[in-house]
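Data first, discussion second: the structure below is written as structure tokens.
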Amino acid sequence: MNSKLRRCLPWTRLASLAIMAGAMTSLQAQPALKDAFKNTFLIGAALNEDQFSGKGGCADSLIPAQFNTISPENVLKWESIHPDPRHYRFSSADRYVKYGEKHGMFVIGHTLVWHHQTPDWVFLDGTGAPIGREALLNRMEEHITRVVKRYRGRIRGWDVVNEALSEDGTLRDSSWLKIIVKIISSKLTNRPRSRPKAELYYNDYSLENAPNARERSP
């Protein structure tokens, strides 16, 4: 640092800069998280669309350097990928999967069935009335088969059912529950006809803090 800059900065600021520089040097000397735990478990990150499209700022270099598995925030959710009965929109999901493949990551698909971010049309017939159980099961199966087949052999783990339990451990009061009743058993005991060649998960949160939810989870 030149003498002119030293005169402009108080000694406390200089000390802070020195500490930061030392910390950065130490950090650079440490192994990446994915390498430190490579023989134990995967290190994951949930990515938004900017982050897997090269618009994530500092995350663009941080993510591939530190992580070896990824999950998407929104691009594989029903409302994003299948917004109306006649159309699928795969472009963003395609970019997500290609990003993971480019960096040699274990790619997770999130999520196939959820009470949130699912369009209203999924539960309604052409007149706007609620559809029956068999009709909804068929609609769900068609959606799952179409999406999973597209990424067969590329997405290596699927969150099939997401957050079907309330925090007290009871089944969540949702349109899925009202129409189908036993969605968890239905989708986790019967693999989709598409044979995804992937791990299949039930995904939830706070189960470790709620004994009732733990006991009732699949």
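By order of appearance in the structure tokens: chains A, B, ..., then residues from 1 within every chain, and ligands from 1 in the order shown.
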DSSP on the backbone, then: every residue of stretch 118-192 of chain A marked helix (DSSP H, G or I), written as a ChimeraX atom specification. /A:120-123,133-150,175-180,183-189
As a PDB file with N, CA and C atoms, in the first residue's frame, please: every residue in stretch 29-157 of chain A that DSSP puts in strand (DSSP E or B).
```
ATOM      1  N   GLY A  44     -24.617 -29.593  -1.022  1.00  0.00           N
ATOM      2  CA  GLY A  44     -25.587 -29.095  -1.993  1.00  0.00           C
ATOM      3  C   GLY A  44     -25.951 -27.633  -1.855  1.00  0.00           C
ATOM      4  N   ALA A  45     -26.523 -27.112  -2.937  1.00  0.00           N
ATOM      5  CA  ALA A  45     -27.022 -25.738  -2.977  1.00  0.00           C
ATOM      6  C   ALA A  45     -28.322 -25.709  -3.762  1.00  0.00           C
ATOM      7  N   ALA A  46     -29.257 -24.871  -3.324  1.00  0.00           N
ATOM      8  CA  ALA A  46     -30.504 -24.636  -4.063  1.00  0.00           C
ATOM      9  C   ALA A  46     -30.295 -23.413  -4.940  1.00  0.00           C
ATOM     10  N   LEU A  47     -30.537 -23.565  -6.242  1.00  0.00           N
ATOM     11  CA  LEU A  47     -30.201 -22.509  -7.200  1.00  0.00           C
ATOM     12  C   LEU A  47     -31.433 -21.858  -7.799  1.00  0.00           C
ATOM     13  N   THR A  69     -23.713 -31.111  -5.562  1.00  0.00           N
ATOM     14  CA  THR A  69     -25.096 -31.479  -5.848  1.00  0.00           C
ATOM     15  C   THR A  69     -25.942 -30.215  -5.807  1.00  0.00           C
ATOM     16  N   ILE A  70     -26.972 -30.161  -6.652  1.00  0.00           N
ATOM     17  CA  ILE A  70     -27.818 -28.963  -6.735  1.00  0.00           C
ATOM     18  C   ILE A  70     -29.290 -29.346  -6.797  1.00  0.00           C
ATOM     19  N   SER A  71     -30.111 -28.410  -6.320  1.00  0.00           N
ATOM     20  CA  SER A  71     -31.564 -28.530  -6.407  1.00  0.00           C
ATOM     21  C   SER A  71     -32.109 -27.197  -6.903  1.00  0.00           C
ATOM     22  N   PRO A  72     -33.143 -27.205  -7.747  1.00  0.00           N
ATOM     23  CA  PRO A  72     -33.663 -25.930  -8.260  1.00  0.00           C
ATOM     24  C   PRO A  72     -34.696 -25.326  -7.323  1.00  0.00           C
ATOM     25  N   ASP A  84     -50.383 -24.702 -17.898  1.00  0.00           N
ATOM     26  CA  ASP A  84     -51.763 -24.920 -18.341  1.00  0.00           C
ATOM     27  C   ASP A  84     -51.861 -26.324 -18.936  1.00  0.00           C
ATOM     28  N   HIS A  87     -49.726 -27.089 -22.326  1.00  0.00           N
ATOM     29  CA  HIS A  87     -48.350 -26.654 -22.570  1.00  0.00           C
ATOM     30  C   HIS A  87     -47.394 -27.019 -21.437  1.00  0.00           C
ATOM     31  N   PHE A 106     -24.380 -33.971  -8.959  1.00  0.00           N
ATOM     32  CA  PHE A 106     -25.524 -34.858  -8.733  1.00  0.00           C
ATOM     33  C   PHE A 106     -26.760 -33.963  -8.772  1.00  0.00           C
ATOM     34  N   VAL A 107     -27.580 -34.109  -9.810  1.00  0.00           N
ATOM     35  CA  VAL A 107     -28.688 -33.184 -10.055  1.00  0.00           C
ATOM     36  C   VAL A 107     -29.978 -33.716  -9.420  1.00  0.00           C
ATOM     37  N   ILE A 108     -30.620 -32.867  -8.620  1.00  0.00           N
ATOM     38  CA  ILE A 108     -31.884 -33.201  -7.958  1.00  0.00           C
ATOM     39  C   ILE A 108     -33.037 -32.532  -8.700  1.00  0.00           C
ATOM     40  N   GLY A 109     -34.155 -33.253  -8.833  1.00  0.00           N
ATOM     41  CA  GLY A 109     -35.376 -32.691  -9.390  1.00  0.00           C
ATOM     42  C   GLY A 109     -36.351 -32.350  -8.274  1.00  0.00           C
ATOM     43  N   HIS A 110     -36.745 -31.099  -8.183  1.00  0.00           N
ATOM     44  CA  HIS A 110     -37.627 -30.617  -7.112  1.00  0.00           C
ATOM     45  C   HIS A 110     -38.707 -29.725  -7.718  1.00  0.00           C
ATOM     46  N   THR A 111     -39.946 -30.053  -7.620  1.00  0.00           N
ATOM     47  CA  THR A 111     -40.552 -31.229  -7.016  1.00  0.00           C
ATOM     48  C   THR A 111     -41.714 -31.652  -7.901  1.00  0.00           C
ATOM     49  N   LEU A 112     -42.157 -32.891  -7.823  1.00  0.00           N
ATOM     50  CA  LEU A 112     -43.217 -33.363  -8.719  1.00  0.00           C
ATOM     51  C   LEU A 112     -44.613 -33.093  -8.179  1.00  0.00           C
ATOM     52  N   VAL A 113     -44.827 -33.274  -6.887  1.00  0.00           N
ATOM     53  CA  VAL A 113     -46.155 -33.090  -6.298  1.00  0.00           C
ATOM     54  C   VAL A 113     -46.030 -32.264  -5.023  1.00  0.00           C
ATOM     55  N   TRP A 114     -46.721 -31.125  -4.986  1.00  0.00           N
ATOM     56  CA  TRP A 114     -46.669 -30.218  -3.834  1.00  0.00           C
ATOM     57  C   TRP A 114     -48.007 -29.499  -3.733  1.00  0.00           C
ATOM     58  N   LEU A 124     -59.316 -29.025 -11.336  1.00  0.00           N
ATOM     59  CA  LEU A 124     -60.637 -28.652 -11.860  1.00  0.00           C
ATOM     60  C   LEU A 124     -60.898 -29.278 -13.221  1.00  0.00           C
ATOM     61  N   PRO A 130     -64.489 -29.243  -9.193  1.00  0.00           N
ATOM     62  CA  PRO A 130     -63.409 -30.156  -8.771  1.00  0.00           C
ATOM     63  C   PRO A 130     -63.518 -31.496  -9.491  1.00  0.00           C
ATOM     64  N   GLY A 157     -31.973 -37.768  -8.703  1.00  0.00           N
ATOM     65  CA  GLY A 157     -32.800 -37.898  -7.515  1.00  0.00           C
ATOM     66  C   GLY A 157     -34.012 -36.994  -7.635  1.00  0.00           C
TER      67      GLY A 157
END
```
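Between atom CA of A:Ala198 and atom CA of A:Pro83 the separation is 24.8 Å.
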Separation of atom CA of A:Gln66 from atom CA of A:Ala36 in Å: 9.6 Å
Restricting to only C-alpha atoms, whichever of A:Leu136, A:Val147, A:Leu62, A:Glu141 is closest to A:Val75 is A:Val147
As a ChimeraX atom specification, please: the residues near stretch 94-99 of chain A (cut-off 8 Å, only C-alpha atoms, same-chain neighbours under 4 positions excluded). /A:49,52-53,72,90,103,107,154-155
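Here atom CA of A:Asp125 is placed at a distance of 13.8 Å from atom CA of A:Met140.
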May I have the residues within 7 Å of A:Arg133 as a count of residues only, using only C-alpha atoms and disregarding those fewer than 4 positions away in the same chain? 3
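If you measure from each of A:Asn68, A:Asn48, A:Thr127, A:Thr170 to A:Leu33 using only C-alpha atoms, the closest one turns out to be A:Asn68.
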Which residues are close to A:Glu163, i.e. within 12 Å by only C-alpha atoms, leaving aside same-chain residues fewer than 3 positions away? Reply as a ChimeraX atom specification. /A:110-116,159-160,166-167,169-174,176-177,183-184,201-207,213,217-218
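Counting only C-alpha atoms, the residue from A:Gly104, A:Gln51, A:Ile43, A:Thr118 that sits nearest to A:Glu79 is A:Thr118.
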